[in-house]
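Enquirer: The structure file data-v4.txt (compact mmCIF, C-alpha atoms and all ligand atoms) is provided below.
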# COMPACT_ATOMS: atom_id res chain seq x y z
CA MET U 778 3.80 -23.15 -3.31
CA SER U 779 1.96 -19.88 -4.03
CA GLU U 780 3.68 -17.42 -6.33
CA VAL U 781 3.45 -14.70 -3.62
CA GLY U 782 6.35 -14.77 -1.18
CA TRP U 783 4.27 -13.51 1.76
CA ASP U 784 1.88 -16.45 1.49
CA ALA U 785 4.59 -18.88 2.65
CA ASP U 786 4.13 -17.49 6.18
CA PRO U 787 2.23 -20.11 8.24
CA GLY U 788 -0.09 -17.35 9.50
CA VAL U 789 -1.15 -16.75 5.89
CA ALA U 790 -0.94 -20.31 4.52
CA GLY U 791 -3.16 -21.49 7.40
CA TRP U 792 -5.97 -18.99 6.70
CA PRO U 793 -9.18 -21.03 6.98
CA GLY U 794 -11.07 -18.89 4.48
CA LEU U 795 -14.46 -17.23 4.61
CA PRO U 796 -17.71 -18.31 2.96
CA ALA U 797 -18.95 -16.88 -0.36
CA LEU U 798 -21.98 -14.60 -0.25
CA SER U 799 -25.27 -16.31 -1.02
CA GLY U 800 -28.83 -15.07 -0.69
CA ASP U 801 -30.00 -11.57 0.21
CA LEU U 802 -28.50 -9.74 3.17
CA ARG U 803 -29.18 -6.35 4.69
CA ALA U 804 -26.74 -4.09 6.61
CA ASP U 805 -26.18 -0.42 7.36
CA VAL U 806 -23.08 -0.39 5.15
CA CYS U 807 -21.70 -2.70 2.43
CA VAL U 808 -17.95 -2.57 1.79
CA VAL U 809 -16.71 -3.85 -1.57
CA GLY U 810 -13.07 -4.96 -1.43
CA LEU U 811 -11.42 -6.47 1.63
CA GLY U 812 -7.88 -5.17 1.35
CA GLY U 813 -6.31 -2.97 4.00
CA SER U 814 -8.59 -0.07 3.03
CA GLY U 815 -11.86 -2.02 2.92
CA LEU U 816 -11.06 -3.61 6.27
CA ALA U 817 -10.38 -0.17 7.76
CA ALA U 818 -13.82 0.88 6.49
CA VAL U 819 -15.32 -2.22 8.14
CA GLY U 820 -13.58 -1.31 11.41
CA GLU U 821 -14.80 2.29 11.20
CA VAL U 822 -18.41 1.19 10.65
CA LEU U 823 -18.18 -1.17 13.63
CA ARG U 824 -16.68 1.59 15.78
CA ARG U 825 -19.81 3.61 15.07
CA GLY U 826 -22.00 0.75 16.31
CA LEU U 827 -23.45 -0.01 12.86
CA SER U 828 -23.70 -3.29 10.93
CA VAL U 829 -21.60 -4.07 7.86
CA VAL U 830 -21.26 -6.69 5.12
CA GLY U 831 -17.88 -6.90 3.36
CA VAL U 832 -17.29 -8.79 0.11
CA ASP U 833 -14.14 -9.60 -1.84
CA ALA U 834 -13.72 -11.14 -5.26
CA GLY U 835 -11.05 -13.52 -3.97
CA ARG U 836 -9.33 -14.15 -0.68
CA VAL U 837 -9.08 -11.26 1.81
CA ALA U 838 -6.24 -9.09 0.43
CA ALA U 839 -6.32 -10.95 -2.87
CA GLY U 840 -5.21 -7.70 -4.50
CA ALA U 841 -2.29 -5.39 -3.80
CA ALA U 842 -3.07 -5.31 -0.08
CA GLY U 843 -1.67 -8.84 0.28
CA ARG U 844 1.02 -8.58 -2.38
CA ASN U 845 2.91 -5.39 -1.67
CA GLY U 846 6.26 -4.45 -0.17
CA GLY U 847 4.89 -4.28 3.37
CA PHE U 848 6.29 -0.80 3.96
CA LEU U 849 4.36 1.32 6.43
CA LEU U 850 5.68 4.77 5.55
CA GLY U 851 4.28 7.94 7.04
CA GLY U 852 3.17 10.57 4.56
CA PRO U 853 1.83 10.81 1.02
CA ALA U 854 3.06 8.67 -1.88
CA ILE U 855 5.34 11.48 -3.01
CA SER U 856 7.69 13.10 -0.47
CA VAL U 857 5.97 15.60 1.77
CA HIS U 858 7.82 18.62 0.36
CA HIS U 859 6.78 17.70 -3.20
CA ALA U 860 3.19 16.98 -2.12
CA GLY U 861 3.19 20.26 -0.22
CA ALA U 862 4.25 22.15 -3.34
CA GLY U 863 1.36 20.60 -5.28
CA TRP U 864 -1.54 20.53 -2.83
CA GLY U 865 -0.43 22.83 -0.02
CA LEU U 866 1.91 21.95 2.82
CA ALA U 867 -0.87 21.91 5.45
CA ALA U 868 -2.77 19.23 3.50
CA ALA U 869 0.36 17.11 2.98
CA LEU U 870 1.33 17.37 6.66
CA GLU U 871 -2.20 16.50 7.78
CA LEU U 872 -2.02 13.30 5.71
CA TYR U 873 1.42 12.61 7.17
CA ARG U 874 0.11 12.84 10.74
CA GLN U 875 -2.91 10.67 9.96
CA THR U 876 -0.72 7.95 8.44
CA LEU U 877 1.53 7.96 11.53
CA ASP U 878 -1.61 7.58 13.67
CA GLU U 879 -2.58 4.66 11.44
CA ILE U 880 0.71 2.89 12.22
CA ALA U 881 0.00 3.31 15.93
CA GLU U 882 -3.54 1.98 15.48
CA LEU U 883 -2.34 -1.07 13.50
CA ALA U 884 0.33 -1.78 16.12
CA ARG U 885 -2.33 -1.58 18.84
CA LEU U 886 -4.71 -3.90 16.98
CA LEU U 887 -2.22 -6.47 15.67
CA GLY U 888 0.81 -6.31 17.98
CA PRO U 889 4.56 -6.27 17.33
CA GLU U 890 4.62 -9.66 15.63
CA VAL U 891 2.71 -8.21 12.66
CA VAL U 892 3.68 -4.52 12.83
CA ARG U 893 7.46 -4.21 13.27
CA GLN U 894 8.15 -0.66 14.42
CA VAL U 895 11.70 -0.51 13.09
CA GLY U 896 11.66 2.76 11.12
CA SER U 897 12.60 3.06 7.44
CA LEU U 898 15.58 4.21 5.40
CA ARG U 899 15.33 6.40 2.35
CA ILE U 900 18.69 6.25 0.57
CA ALA U 901 19.94 8.17 -2.44
CA GLY U 902 20.39 5.67 -5.27
CA LEU U 903 20.91 1.99 -4.51
CA PRO U 904 23.44 0.40 -2.13
CA GLY U 905 26.88 -0.18 -3.60
CA GLU U 906 29.04 1.73 -6.05
CA PRO U 907 27.27 3.63 -8.86
CA ALA U 908 27.64 1.83 -12.20
CA ASP U 909 28.47 5.02 -14.13
CA GLU U 910 28.57 8.83 -14.03
CA LEU U 911 24.86 9.07 -14.78
CA GLU U 912 24.00 7.00 -11.72
CA GLU U 913 26.38 9.05 -9.59
CA ALA U 914 24.79 12.33 -10.77
CA ASP U 915 21.30 11.00 -10.05
CA ARG U 916 22.44 9.91 -6.59
CA GLN U 917 23.76 13.40 -5.83
CA ALA U 918 20.49 14.99 -6.98
CA GLU U 919 18.56 12.58 -4.78
CA LEU U 920 20.78 13.32 -1.82
CA ALA U 921 19.95 17.01 -2.21
CA ASP U 922 16.26 16.06 -2.27
CA CYS U 923 16.73 14.04 0.94
CA HIS U 924 18.15 17.15 2.58
CA GLU U 925 15.10 19.19 1.53
CA GLN U 926 12.79 16.52 2.92
CA HIS U 927 14.80 16.47 6.15
CA GLU U 928 14.40 20.24 6.59
CA VAL U 929 10.62 20.21 6.08
CA LEU U 930 10.06 17.25 8.42
CA ARG U 931 12.34 18.63 11.11
CA GLU U 932 10.71 22.04 10.92
CA HIS U 933 7.27 20.46 11.48
CA GLY U 934 8.23 18.18 14.34
CA ILE U 935 8.22 14.87 12.43
CA ALA U 936 11.03 12.57 13.54
CA VAL U 937 13.85 12.23 10.99
CA ARG U 938 17.61 11.70 11.11
CA ARG U 939 20.31 11.86 8.47
CA TYR U 940 21.74 8.45 7.59
CA ASP U 941 25.23 7.69 6.35
CA GLY U 942 26.17 4.04 6.66
CA GLU U 943 26.73 0.68 5.07
CA LEU U 944 23.72 0.99 2.74
CA GLY U 945 24.53 4.50 1.50
CA ALA U 946 23.41 7.99 2.47
CA GLY U 947 19.97 9.46 3.02
CA LEU U 948 17.38 9.63 5.81
CA PHE U 949 16.22 7.43 8.66
CA LEU U 950 12.53 7.82 9.54
CA PRO U 951 12.18 6.26 13.00
CA ASP U 952 8.36 6.30 13.16
CA ASP U 953 7.88 4.07 10.09
CA ALA U 954 7.28 0.33 10.26
CA ALA U 955 7.18 -2.92 8.28
CA MET U 956 4.85 -5.89 8.00
CA ASN U 957 3.88 -8.93 6.03
CA PRO U 958 0.91 -7.23 4.33
CA ALA U 959 -1.17 -10.40 4.02
CA ARG U 960 -0.87 -10.96 7.76
CA ARG U 961 -2.15 -7.45 8.44
CA ALA U 962 -5.26 -7.99 6.32
CA LEU U 963 -6.01 -11.50 7.57
CA GLY U 964 -5.43 -10.33 11.15
CA LEU U 965 -7.96 -7.51 10.73
CA ALA U 966 -10.46 -9.84 9.02
CA THR U 967 -10.15 -12.23 11.97
CA LEU U 968 -10.65 -9.39 14.43
CA TYR U 969 -13.68 -7.86 12.72
CA GLY U 970 -15.22 -11.12 11.47
CA GLY U 971 -15.28 -12.25 15.10
CA ASP U 972 -18.36 -10.07 15.65
CA PRO U 973 -20.74 -11.93 13.29
CA GLY U 974 -23.79 -10.11 14.68
CA ARG U 975 -22.50 -6.85 13.19
CA ALA U 976 -19.80 -7.74 10.61
CA ARG U 977 -20.29 -10.45 8.00
CA LEU U 978 -17.34 -10.91 5.64
CA PHE U 979 -17.34 -12.96 2.43
CA GLU U 980 -14.61 -14.16 0.07
CA ASN U 981 -14.74 -15.44 -3.52
CA SER U 982 -17.74 -13.22 -4.24
CA PRO U 983 -16.97 -10.93 -7.21
CA VAL U 984 -19.35 -7.99 -7.31
CA THR U 985 -21.13 -7.78 -10.65
CA ALA U 986 -23.28 -4.66 -10.16
CA ILE U 987 -23.36 -1.71 -7.80
CA SER U 988 -26.20 0.77 -7.52
CA ALA U 989 -27.66 3.06 -4.84
CA GLY U 990 -28.31 0.83 -1.85
CA ARG U 991 -27.56 -2.49 -3.57
CA VAL U 992 -24.54 -4.66 -4.33
CA GLN U 993 -24.97 -7.75 -6.50
CA THR U 994 -22.77 -10.87 -6.73
CA ALA U 995 -23.33 -14.07 -8.73
CA ALA U 996 -25.10 -15.86 -5.88
CA GLY U 997 -26.28 -13.07 -3.59
CA ALA U 998 -27.01 -9.42 -2.95
CA VAL U 999 -26.57 -6.89 -0.17
CA SER U 1000 -28.99 -4.05 0.53
CA ALA U 1001 -27.34 -1.22 2.46
CA GLY U 1002 -27.89 2.48 3.06
CA LEU U 1003 -24.28 3.17 2.09
CA VAL U 1004 -21.92 1.33 -0.25
CA VAL U 1005 -18.16 1.92 0.10
CA VAL U 1006 -16.02 0.68 -2.79
CA ALA U 1007 -12.48 0.28 -1.43
CA VAL U 1008 -10.58 -0.93 -4.48
CA ASP U 1009 -7.25 0.65 -5.45
CA GLY U 1010 -6.08 -0.97 -8.71
CA ARG U 1011 -8.79 -1.61 -11.37
CA LEU U 1012 -11.17 0.84 -9.66
CA GLU U 1013 -12.07 2.25 -13.06
CA VAL U 1014 -12.99 -1.26 -14.24
CA LEU U 1015 -15.53 -1.65 -11.46
CA LEU U 1016 -16.76 1.97 -11.68
CA PRO U 1017 -16.14 3.10 -15.28
CA GLU U 1018 -17.21 6.67 -14.49
CA LEU U 1019 -13.88 7.05 -12.64
CA ALA U 1020 -11.80 6.37 -15.77
CA GLY U 1021 -9.84 9.56 -16.36
CA ARG U 1022 -9.55 10.22 -12.62
CA VAL U 1023 -7.71 7.02 -11.72
CA ARG U 1024 -5.51 4.80 -13.87
CA THR U 1025 -4.37 1.25 -13.17
CA ALA U 1026 -0.71 0.26 -13.20
CA ARG U 1027 1.08 -2.99 -12.45
CA LEU U 1028 3.76 -3.17 -9.75
CA GLN U 1029 6.05 -6.19 -9.49
CA MET U 1030 8.05 -7.88 -6.74
CA LEU U 1031 10.11 -10.93 -5.93
CA ALA U 1032 11.28 -12.78 -2.82
CA THR U 1033 14.70 -14.35 -2.36
CA GLU U 1034 16.23 -17.20 -0.43
CA PRO U 1035 17.78 -15.93 2.85
CA VAL U 1036 20.79 -13.61 2.55
CA ALA U 1037 23.11 -12.28 5.29
CA PRO U 1038 20.83 -11.87 8.35
CA GLY U 1039 20.44 -8.27 9.49
CA ARG U 1040 21.65 -6.85 6.18
CA LEU U 1041 18.55 -4.58 6.09
CA PRO U 1042 17.70 -3.43 9.62
CA CYS U 1043 14.44 -1.93 8.39
CA PRO U 1044 12.61 -1.35 5.09
CA VAL U 1045 14.93 0.47 2.66
CA TYR U 1046 13.92 2.37 -0.47
CA GLY U 1047 16.19 4.06 -2.93
CA ARG U 1048 16.41 5.58 -6.39
CA TRP U 1049 13.61 8.08 -5.64
CA GLY U 1050 11.58 5.31 -4.03
CA TYR U 1051 11.25 3.31 -7.25
CA ASP U 1052 13.22 0.35 -5.84
CA TYR U 1053 12.58 -1.00 -2.34
CA ALA U 1054 13.38 -3.98 -0.14
CA GLN U 1055 12.73 -5.35 3.29
CA GLN U 1056 14.22 -8.40 5.00
CA ASP U 1057 12.26 -10.77 7.22
CA GLN U 1058 13.55 -12.44 10.35
CA ALA U 1059 14.54 -15.54 8.38
CA GLY U 1060 16.81 -13.38 6.21
CA ARG U 1061 14.67 -13.44 3.03
CA LEU U 1062 14.47 -10.26 0.99
CA PHE U 1063 11.20 -8.96 -0.46
CA VAL U 1064 12.15 -6.60 -3.25
CA GLY U 1065 10.16 -4.54 -5.74
CA GLY U 1066 10.59 -1.75 -8.20
CA GLY U 1067 11.58 -0.91 -11.73
CA ARG U 1068 8.22 0.49 -12.82
CA ASP U 1069 9.80 3.74 -14.01
CA ARG U 1070 12.08 1.77 -16.35
CA PHE U 1071 9.10 0.13 -18.07
CA LEU U 1072 6.53 2.88 -17.69
CA ASP U 1073 4.49 2.32 -20.87
CA GLN U 1074 4.11 -1.43 -20.51
CA GLU U 1075 3.21 -1.20 -16.82
CA TRP U 1076 0.05 0.88 -17.46
CA THR U 1077 -2.00 -2.28 -17.58
CA THR U 1078 -4.68 -4.13 -15.65
CA ARG U 1079 -2.74 -7.40 -16.06
CA THR U 1080 -1.17 -8.93 -12.97
CA SER U 1081 1.37 -11.41 -14.30
CA PRO U 1082 5.09 -10.65 -13.77
CA THR U 1083 7.23 -9.90 -16.83
CA ALA U 1084 10.82 -10.89 -17.66
CA GLY U 1085 12.12 -7.33 -18.14
CA VAL U 1086 10.88 -5.85 -14.88
CA GLN U 1087 11.83 -8.98 -12.95
CA ALA U 1088 15.39 -8.82 -14.33
CA TRP U 1089 15.60 -5.20 -13.17
CA ILE U 1090 14.34 -6.10 -9.69
CA GLU U 1091 16.76 -9.02 -9.49
CA GLN U 1092 19.78 -6.77 -10.02
CA ALA U 1093 18.36 -4.28 -7.52
CA ALA U 1094 17.92 -7.17 -5.05
CA ALA U 1095 21.60 -8.03 -5.41
CA ARG U 1096 22.47 -4.41 -4.63
CA PHE U 1097 20.24 -4.45 -1.53
CA ALA U 1098 21.72 -7.82 -0.48
CA GLY U 1099 25.31 -6.80 -1.23
CA ALA U 1100 25.69 -10.21 -2.93
CA PRO U 1101 24.05 -12.30 -5.65
CA VAL U 1102 20.55 -13.56 -4.71
CA ARG U 1103 18.49 -16.67 -5.45
CA VAL U 1104 14.87 -15.85 -6.29
CA SER U 1105 12.12 -18.00 -4.77
CA HIS U 1106 8.91 -16.13 -5.72
CA ARG U 1107 7.84 -13.61 -8.35
CA TRP U 1108 4.52 -11.77 -8.46
CA ALA U 1109 2.68 -8.58 -9.42
CA ALA U 1110 -0.55 -6.76 -8.60
CA SER U 1111 -2.59 -3.72 -9.65
CA VAL U 1112 -2.61 -0.28 -8.06
CA GLY U 1113 -4.28 3.00 -9.01
CA TYR U 1114 -2.60 6.31 -9.86
CA THR U 1115 -4.05 9.82 -10.02
CA GLU U 1116 -2.90 12.89 -11.92
CA ASP U 1117 -1.74 14.97 -8.93
CA ALA U 1118 -0.94 12.03 -6.57
CA ARG U 1119 -3.91 12.90 -4.35
CA PRO U 1120 -5.96 9.78 -3.64
CA LEU U 1121 -9.67 9.72 -4.50
CA VAL U 1122 -12.48 9.80 -1.95
CA THR U 1123 -15.55 10.55 -3.97
CA GLU U 1124 -19.26 9.85 -4.38
CA ALA U 1125 -19.14 7.91 -7.63
CA ARG U 1126 -22.86 7.16 -7.73
CA PRO U 1127 -25.65 8.24 -5.38
CA GLY U 1128 -24.99 6.44 -2.09
CA VAL U 1129 -21.80 4.85 -3.45
CA ILE U 1130 -18.52 6.27 -2.11
CA ALA U 1131 -15.31 5.11 -3.79
CA CYS U 1132 -11.78 5.38 -2.47
CA GLY U 1133 -8.56 4.42 -4.26
CA GLY U 1134 -5.75 5.79 -6.38
CA TYR U 1135 -2.99 5.66 -3.78
CA ASN U 1136 -0.16 6.08 -6.29
CA GLY U 1137 1.72 2.98 -5.18
CA THR U 1138 1.65 3.69 -1.44
CA GLY U 1139 -1.70 2.69 0.01
CA ASN U 1140 -0.95 0.62 3.10
CA LEU U 1141 -1.62 3.60 5.37
CA VAL U 1142 -3.13 6.22 3.07
CA GLY U 1143 -5.77 3.63 2.02
CA PRO U 1144 -7.16 3.15 5.54
CA VAL U 1145 -7.11 6.93 6.13
CA ALA U 1146 -9.03 7.40 2.85
CA ALA U 1147 -11.46 4.61 3.75
CA ARG U 1148 -12.32 6.29 7.05
CA ALA U 1149 -12.85 9.55 5.16
CA ALA U 1150 -15.12 7.64 2.74
CA VAL U 1151 -17.26 6.38 5.63
CA ALA U 1152 -17.43 9.89 7.11
CA LEU U 1153 -18.48 11.31 3.73
CA GLY U 1154 -21.14 8.63 3.26
CA LEU U 1155 -22.59 8.59 6.76
CA ASP U 1156 -22.06 12.15 8.00
CA GLY U 1157 -21.75 14.10 4.76
CA VAL U 1158 -18.33 15.37 5.95
CA PRO U 1159 -16.27 16.42 2.91
CA PRO U 1160 -12.89 14.66 2.67
CA PRO U 1161 -9.83 16.67 3.78
CA ALA U 1162 -7.89 18.60 1.14
CA CYS U 1163 -5.27 15.85 0.80
CA PHE U 1164 -7.89 13.83 -1.11
CA SER U 1165 -9.47 14.47 -4.47
CA SER U 1166 -13.22 14.42 -4.10
C1 LIG A 1 4.09 -4.85 -5.76
C2 LIG A 1 3.48 -3.78 -4.91
C3 LIG A 1 4.20 -3.20 -3.89
C4 LIG A 1 3.65 -2.21 -3.09
N1 LIG A 1 4.33 -1.77 -2.00
C5 LIG A 1 3.72 -0.97 -1.11
C6 LIG A 1 4.33 -0.65 0.13
O1 LIG A 1 5.39 -1.19 0.47
N2 LIG A 1 3.70 0.23 0.96
C7 LIG A 1 2.49 0.78 0.63
O2 LIG A 1 1.99 1.59 1.41
N3 LIG A 1 1.88 0.46 -0.52
C8 LIG A 1 2.44 -0.41 -1.38
N4 LIG A 1 1.79 -0.78 -2.50
C9 LIG A 1 0.46 -0.23 -2.76
C10 LIG A 1 -0.56 -0.91 -1.85
O3 LIG A 1 -0.41 -2.30 -1.93
C11 LIG A 1 -1.99 -0.55 -2.27
O4 LIG A 1 -2.12 0.83 -2.45
C12 LIG A 1 -2.95 -1.00 -1.21
O5 LIG A 1 -2.73 -2.34 -0.89
C13 LIG A 1 -4.36 -0.79 -1.65
O6 LIG A 1 -5.20 -1.46 -0.75
P1 LIG A 1 -6.74 -1.42 -0.97
O7 LIG A 1 -7.33 -2.23 0.12
O8 LIG A 1 -7.20 -0.03 -1.16
O9 LIG A 1 -6.96 -2.08 -2.39
P2 LIG A 1 -6.64 -3.50 -2.95
O10 LIG A 1 -5.52 -4.13 -2.30
O11 LIG A 1 -6.59 -3.30 -4.41
O12 LIG A 1 -7.90 -4.34 -2.52
C14 LIG A 1 -9.08 -4.28 -3.20
C15 LIG A 1 -9.80 -5.59 -3.03
O13 LIG A 1 -10.98 -5.47 -3.82
C16 LIG A 1 -11.23 -6.69 -4.40
N5 LIG A 1 -12.05 -6.49 -5.58
C17 LIG A 1 -11.70 -5.92 -6.76
N6 LIG A 1 -12.74 -5.97 -7.61
C18 LIG A 1 -13.76 -6.56 -6.95
C19 LIG A 1 -15.08 -6.92 -7.28
N7 LIG A 1 -15.59 -6.72 -8.50
N8 LIG A 1 -15.85 -7.53 -6.35
C20 LIG A 1 -15.38 -7.77 -5.10
N9 LIG A 1 -14.13 -7.46 -4.74
C21 LIG A 1 -13.34 -6.86 -5.65
C22 LIG A 1 -9.88 -7.28 -4.72
O14 LIG A 1 -9.95 -8.69 -4.80
C23 LIG A 1 -9.04 -6.79 -3.55
O15 LIG A 1 -8.91 -7.74 -2.53
C24 LIG A 1 2.33 -1.75 -3.35
C25 LIG A 1 1.58 -2.34 -4.36
C26 LIG A 1 2.13 -3.36 -5.12
C27 LIG A 1 1.30 -4.01 -6.19
Represent the structure from my file as structure tokens, please.
Expert:
Amino acid sequence: MSEVGWDADPGVAGWPGLPALSGDLRADVCVVGLGGSGLAAVGEVLRRGLSVVGVDAGRVAAGAAGRNGGFLLGGPAISVHHAGAGWGLAAALELYRQTLDEIAELARLLGPEVVRQVGSLRIAGLPGEPADELEEADRQAELADCHEQHEVLREHGIAVRRYDGELGAGLFLPDDAAMNPARRALGLATLYGGDPGRARLFENSPVTAISAGRVQTAAGAVSAGLVVVAVDGRLEVLLPELAGRVRTARLQMLATEPVAPGRLPCPVYGRWGYDYAQQDQAGRLFVGGGRDRFLDQEWTTRTSPTAGVQAWIEQAAARFAGAPVRVSHRWAASVGYTEDARPLVTEARPGVIACGGYNGTGNLVGPVAARAAVALGLDGVPPPACFSS
């Protein structure tokens, strides 16, 4: 069995695969990276009636896009009131609205079996009794932060309700959703790859060189008027000129054997969003977190899970489950962080637009950024203020 819990889903395990790139191809646009963001770029190019070649180093969503928590949360990576304080409330709210639109678009494209529109819960702390006074104080501070977030969202017409229930206290965000992230990416690849006259997608084709108008792999090359690099983690490895603007970190997760069905009615995140869990219909939990407890060691481009972080997540999983858990899968993947939590959409080289640096929350922000990258590359439209260009 694969190490990634999501891959046990028959819809993922049965993926027939795509060919590797060989020979020389030509297209209007070449997209490097077929995660959720790269596939959104592919969709945007097709919507404009242009041709596109997409290449990925491994399987579609071989990176974080197929290995993440599957939360579809409206808004920036940091809460909207904090983002607003840093980059202006109008910019933060604009990103919020675009990510909510992205949920609606994904639901339209992939249907309710992939996109479960169940809302999300932000709770203060973790479920269960605080272990000590320190945890209790942190929980109270987080509860106050939840109230601030509630006020800003309510004032700007974004749906939010206070939550006080079995899992703790915090906020319920009814417009959010959940998914198996690998199914989202493979579903989009199936949809877009079904138009082979205009979209040609390739797996197992690591890109070795990128220059204006040309993308090189070991066995092939693509000539294109525009190149979009849609890679979140390890972006600075592929495009070293972005080192200093984006920095790679590892995030880790695990999956459990089924626990009490219906324990988590929707994705739940607590402890300032550092720990998070969702439950699938079979009762399994998919739980991640702990990066803040191991900050120094998690600034790495490695993608193997570690004992310390996994032990942290395991105890968090038991709190989310309300009972001890049995772990079935453990995994990790790379994501990109930026200094001010604004994602990058930038012309890295002439004719090469890069997007990435989603600060741990790129399932929706990534596609929004990828569309902005296409607009920058094809129309010369500067990215909105919520992005760093
Ligand atoms: C454990 C974990 C949990 C997370 N939880 C959530 C969550 O619940 N909600 C959320 O919104 N976000 C979450 N994230 C963040 C989210 O997964 C990412 O921000 C998002 O998936 C980024 O998607 P992407 O398509 O931009 O990039 P990636 O997923 O990084 O995809 C880039 C693709 O580029 C390919 N690639 C890289 N180098 C090359 C090359 N040289 N040649 C060709 N292809 C290349 C990779 O193989 C990969 O498939 C989480 C991340 C992790 C790791």
Enquirer: State, in Å with one decimal place, the distance from atom CA of Gln1056 of chain U to atom C26 of ligand LIG 1 (chain A).
Expert: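 Atom C26 of ligand LIG 1 (chain A) lies at a distance of 16.6 Å from atom CA of Gln1056 of chain U.
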Enquirer: Need to verify the contact set: Gln894 of chain U, 7 Å, all atoms listed in the file, exclusion of same-chain residues closer than 5 positions in sequence. Can you return it as a PyMOL selection string?
Expert: chain U and resi 953-955
Enquirer: Neighbouring residues of ligand LIG 1 (chain A) are defined here as those with any atom at most 7 Å from a ligand atom, counting only C-alpha atoms and all ligand atoms; list them as a ChimeraX atom specification.
Expert: /U:809-815,832-850,982-985,1007-1011,1015,1027-1030,1065,1109-1112,1133,1135-1141,1143
Enquirer: So how far away is atom CA of Thr994 of chain U from atom CA of Asp805 of chain U, in Å?
Expert: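 Going from atom CA of Asp805 of chain U over to atom CA of Thr994 of chain U covers 17.9 Å.
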Enquirer: Using only C-alpha atoms, find the one residue out of U:Ala1026, U:Ala854, U:Leu1153, U:Leu944 that sits nearest to Asp1073 of chain U.
Expert: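 Ranking U:Ala1026, U:Ala854, U:Leu1153, U:Leu944 by distance to Asp1073 of chain U, first place goes to U:Ala1026.
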Enquirer: Report, in Å with one decimal, the straight-line distance from atom CA of Gly947 of chain U to atom CA of Leu920 of chain U.
Expert: 6.2 Å
Enquirer: List every protein, DNA or RNA residue that has at least one atom no more than 7 Å from (-21.1, -13.7, 1.2) in the file's coordinates, counting all atoms listed in the file, and write the result as a list of chain:residue names.
Expert: U:Pro796, U:Ala797, U:Leu798, U:Ser799, U:Val832, U:Leu978, U:Phe979, U:Glu980, U:Ser982
Enquirer: Can you tell me, as a list in words, what residues are no more than 12 Å from Pro1159 of chain U when counting only C-alpha atoms, ignoring any on the same chain fewer than 6 positions away?
Expert: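 Here the answer would be Leu1121, Val1122, Thr1123, Glu1124, Ile1130, Ala1146, Arg1148, Ala1149, Ala1150, Val1151, Ala1152, Leu1153, Ser1165 and Ser1166 of chain U.
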Enquirer: Please provide as a PyMOL selection string all residues within 8 Å of segment 861-864 of chain U, with the sequence filter that same-chain residues fewer than 6 positions apart are discarded (counting all atoms listed in the file).
Expert: chain U and resi 870+1117+1162-1163
Enquirer: Write out, as a PDB file, keeping the file's coordinate frame, the residues just selected, with C-alpha atoms.
Expert:
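Output file again-v2.pdb follows:
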ATOM      1  CA  LEU U 870       1.330  17.370   6.660  1.00  0.00           C
ATOM      2  CA  ASP U1117      -1.740  14.970  -8.930  1.00  0.00           C
ATOM      3  CA  ALA U1162      -7.890  18.600   1.140  1.00  0.00           C
ATOM      4  CA  CYS U1163      -5.270  15.850   0.800  1.00  0.00           C
TER       5      CYS U1163
END
Enquirer: Neighbouring residues of Pro904 of chain U were defined as those with any atom within 12 Å, considering all atoms listed in the file; residues of the same chain fewer than 2 positions away were excluded. Please report them as a PyMOL selection string.
Expert: chain U and resi 898-902+906-908+912-913+916+941-947+1040-1041+1045-1048+1052-1054+1092-1100
